[in-house]
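Here the structure comes first, spelled out in structure tokens, and everything after it is commentary.
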Amino acid sequence: MRIPLMAGLTKILLPLLLLLSVAAASSPSSDAEAVSRFQEYLRIDTAQPTPDYAAAVAFLRDQAAAVGLEARTLEFAAGKPLLLLRWPGRRPSLPSILLNSHTDVVPSEPKKWEHAPLSATLDEASGRIYARGSQDMKCVGMQYLEAIRRLRNAGFVPDRNIYVIFVPDEEIGGHEGVELFVASKEFKELNVGLVLDEGLASPREEYRVFYAERSPWWLTIKAKGAPGHGAKLYDGSAMENLMKSVEALRRFRTAQFDLVKSEEKAEGDVVSVNFAYLKAGTPTPTGFVMNLQPSEAEVGIDIRIPPSVHTEALEKRLAEEWAPSSRNLTFEFKQKGSVLDKLGKPAMTIANSSNPWWPVFEESVKRAGGKLGKPEIFPASTDARYFREVGIPAFGFSPMANTPILLHDHNEFLSKDEYLKGIGIYESIIKALATHKDDGIDEESRAEL
Ligand SMILES: [Zn+2]
């Protein structure tokens, strides 16, 4: 009895065990290799203000060669290389997909980290990889390459050209990175139909996706008034004039912030107002003159505006309510980002089915087991704005769910499992975008989106 039973079981179990062991033998080891390649990239010191771009590009060129991608290093500003990789499609005349990531990272204060920010330590107990750039955004750059590696190993060939770029300068504004690239003939030759760029980590189980950005308005308000004795109460002093402005702006700030706190609006949907500096007083070698009301005072403000806001109305409010000349106030823009693209339309990418790229993107994330939150406006700035400015659709997306938002913070980390899951997500996205056939996209997307 025992022998036939065993034989029967073996017949059923053996193929199953073999199948399991094949999967078990290949997948964990290739995952471990992918993680160690990620760590290697994280260990290259590309922190501003002195990023080692040469080392990063050398590493990435090796990776590209191993994956089988064509590589070109472009340099639009001296010492700031941009690496352009190409995976040729079967129908290169179709609009291409451009996968963007920046190689530079912000500096860190190593003493305030649990693990050195350049060590890329994998904490075995928690599975977290600690490093500057683990979220912003060396993860995404390597995930693009790992996803392409897997697709190529599986014999997949894209219809469209797929381009992957590794760009410098993002953390200091991108003016000598993507801004110059977008204006170049090399960029025009790529015939880009859709760009993917960075998003943010999500503490929830849904990934976040961004279709627009707020524009910065950096401005100063200056007040003038009659100087006077510190003991005298009188109207129209510079400080009094300025403080009225500060108070009015602070009330507006509170109202906008309340909309976020009550979850009526997302962070990117409100106008943020933050005071950057206050400047007033008559200095002495040890401090300030205390019995003198100064004749001038100044405040610096960082305002961020979503593309849905009527900017003319806001500027009118600034002139009439927050910095009126009737109170001897003047204002000056240090930076005034436009919420419109170069065609005069709001600089946003449509994130619903009227944009043919959107359902393809959305479905491909779901197919890979990811959940997508409601599309959002990015609260700060990324290089995606330069693409949207010239009318090219761009989504901001970094597949990091169940992860605290730690970009630019101490102890920035990404869990190993979340990193690996993200590779699978990109595999699905790239495959879908690369093969999607829609005449609407191919003939009209550049004009319409
Ligand atoms: Zn970034």
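By order in the structure tokens, chains are A, B, ...; within a chain, residues start at 1; ligands start at 1, following the order shown.
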Between chain A and ligand 1, at 8 Å or less, what are the per-residue closest atom pairs and their distances in Å? Count only C-alpha atoms and all ligand atoms, order by chain and rising residue number, and return it as CSV.
residue,atom,partner,partner_atom_place_in_ligand_line,distance
A:Ser101,CA,ligand 1,1 (Zn),7.8
A:His102,CA,ligand 1,1 (Zn),6.7
A:Val105,CA,ligand 1,1 (Zn),7.3
A:Asp136,CA,ligand 1,1 (Zn),4.5
A:Met137,CA,ligand 1,1 (Zn),5.3
A:Glu170,CA,ligand 1,1 (Zn),6.9
A:Glu171,CA,ligand 1,1 (Zn),6.7
A:Glu198,CA,ligand 1,1 (Zn),6.3
A:Gly199,CA,ligand 1,1 (Zn),7.9
A:Thr382,CA,ligand 1,1 (Zn),6.5
A:Leu407,CA,ligand 1,1 (Zn),7.8
Based on the selection just made, write N, CA and C atoms of those residues as a PDB file, in the first residue's frame.
ATOM      1  N   SER A 101      14.750  60.510 -15.145  1.00  0.00           N
ATOM      2  CA  SER A 101      15.118  60.568 -13.722  1.00  0.00           C
ATOM      3  C   SER A 101      16.340  61.460 -13.586  1.00  0.00           C
ATOM      4  N   HIS A 102      16.456  62.134 -12.440  1.00  0.00           N
ATOM      5  CA  HIS A 102      17.642  62.966 -12.229  1.00  0.00           C
ATOM      6  C   HIS A 102      18.669  62.206 -11.405  1.00  0.00           C
ATOM      7  N   VAL A 105      21.246  64.530  -6.146  1.00  0.00           N
ATOM      8  CA  VAL A 105      20.438  64.434  -4.918  1.00  0.00           C
ATOM      9  C   VAL A 105      20.757  65.660  -4.051  1.00  0.00           C
ATOM     10  N   ASP A 136      14.289  59.814  -3.781  1.00  0.00           N
ATOM     11  CA  ASP A 136      14.327  60.978  -4.686  1.00  0.00           C
ATOM     12  C   ASP A 136      15.667  61.059  -5.378  1.00  0.00           C
ATOM     13  N   MET A 137      15.778  60.477  -6.579  1.00  0.00           N
ATOM     14  CA  MET A 137      14.928  59.518  -7.188  1.00  0.00           C
ATOM     15  C   MET A 137      15.738  58.437  -7.907  1.00  0.00           C
ATOM     16  N   GLU A 170      18.651  68.815 -11.439  1.00  0.00           N
ATOM     17  CA  GLU A 170      17.240  68.993 -11.051  1.00  0.00           C
ATOM     18  C   GLU A 170      17.099  69.657  -9.704  1.00  0.00           C
ATOM     19  N   GLU A 171      17.960  69.248  -8.756  1.00  0.00           N
ATOM     20  CA  GLU A 171      17.791  69.737  -7.386  1.00  0.00           C
ATOM     21  C   GLU A 171      18.154  71.218  -7.234  1.00  0.00           C
ATOM     22  N   GLU A 198       9.233  61.989 -11.932  1.00  0.00           N
ATOM     23  CA  GLU A 198       9.097  61.565 -10.540  1.00  0.00           C
ATOM     24  C   GLU A 198       7.772  61.979  -9.900  1.00  0.00           C
ATOM     25  N   GLY A 199       7.377  61.169  -8.900  1.00  0.00           N
ATOM     26  CA  GLY A 199       6.235  61.511  -8.059  1.00  0.00           C
ATOM     27  C   GLY A 199       6.693  61.595  -6.614  1.00  0.00           C
ATOM     28  N   THR A 382       9.198  69.906 -10.229  1.00  0.00           N
ATOM     29  CA  THR A 382      10.075  68.861 -10.769  1.00  0.00           C
ATOM     30  C   THR A 382      10.401  69.231 -12.211  1.00  0.00           C
ATOM     31  N   LEU A 407      11.671  62.362   1.255  1.00  0.00           N
ATOM     32  CA  LEU A 407      12.611  63.009   0.335  1.00  0.00           C
ATOM     33  C   LEU A 407      13.177  64.270   1.010  1.00  0.00           C
TER      34      LEU A 407
END
Self-check item: Shell around Pro88 (chain A) at 9 Å using only C-alpha atoms, local window under 6 positions removed, as an MDAnalysis selection string
Solution: chainID A and resid 69:70 157:163
Selected residues written out with N, CA and C atoms, as an mmCIF file, in the first residue's frame:
data_model
loop_
_atom_site.group_PDB
_atom_site.id
_atom_site.type_symbol
_atom_site.label_atom_id
_atom_site.label_comp_id
_atom_site.auth_asym_id
_atom_site.auth_seq_id
_atom_site.Cartn_x
_atom_site.Cartn_y
_atom_site.Cartn_z
ATOM 1 N N LEU A 69 21.184 48.540 -24.099
ATOM 2 C CA LEU A 69 20.629 49.789 -24.628
ATOM 3 C C LEU A 69 21.733 50.633 -25.260
ATOM 4 N N GLU A 70 21.352 51.393 -26.288
ATOM 5 C CA GLU A 70 22.295 52.319 -26.904
ATOM 6 C C GLU A 70 22.439 53.534 -25.996
ATOM 7 N N VAL A 157 9.877 43.086 -27.567
ATOM 8 C CA VAL A 157 10.393 44.174 -28.411
ATOM 9 C C VAL A 157 9.330 45.276 -28.476
ATOM 10 N N PRO A 158 9.679 46.522 -28.168
ATOM 11 C CA PRO A 158 8.669 47.585 -28.187
ATOM 12 C C PRO A 158 8.307 47.994 -29.620
ATOM 13 N N ASP A 159 7.124 48.530 -29.773
ATOM 14 C CA ASP A 159 6.760 49.122 -31.064
ATOM 15 C C ASP A 159 7.400 50.506 -31.182
ATOM 16 N N ARG A 160 7.183 51.318 -30.138
ATOM 17 C CA ARG A 160 7.744 52.679 -30.136
ATOM 18 C C ARG A 160 9.188 52.649 -29.665
ATOM 19 N N ASN A 161 9.923 53.696 -29.959
ATOM 20 C CA ASN A 161 11.226 53.867 -29.309
ATOM 21 C C ASN A 161 10.991 54.191 -27.842
ATOM 22 N N ILE A 162 11.784 53.569 -26.994
ATOM 23 C CA ILE A 162 11.745 53.896 -25.566
ATOM 24 C C ILE A 162 13.065 54.595 -25.240
ATOM 25 N N TYR A 163 12.977 55.788 -24.674
ATOM 26 C CA TYR A 163 14.183 56.509 -24.265
ATOM 27 C C TYR A 163 14.220 56.596 -22.743
#
Quick one: contact table of region 190-219 of chain A to region 296-306 of chain A, 6 Å max, nearest atom pair and distance in Å to one decimal per residue, counting only C-alpha atoms, chain and number order, as a tab-separated table?
residue	atom	partner	partner_atom	distance
A:Arg214	CA	A:Pro306	CA	4.2
A:Ser215	CA	A:Ile305	CA	5.0
A:Pro216	CA	A:Arg304	CA	4.6
A:Trp217	CA	A:Ile303	CA	5.0
A:Trp218	CA	A:Asp302	CA	4.8
A:Leu219	CA	A:Ile301	CA	5.5
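Using only C-alpha atoms, the nearest neighbour of Glu267 (chain A) within the list A:Ile221, A:Glu189, A:Arg204, A:Phe378 is A:Phe378.
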Self-check item: Non-local contacts of region 29-44 of chain A (10 Å; only C-alpha atoms; under 3 positions in same chain excluded) as a ChimeraX atom specification
Solution: /A:24-26,47,51-56,59-60,63,103-105,117-122,129-134,137-143,145-146,150,416-417,419-420,423
Self-check item: Distance in Å - CA of Ile350 (chain A) versus CA of Val260 (chain A)
Solution: 22.8 Å
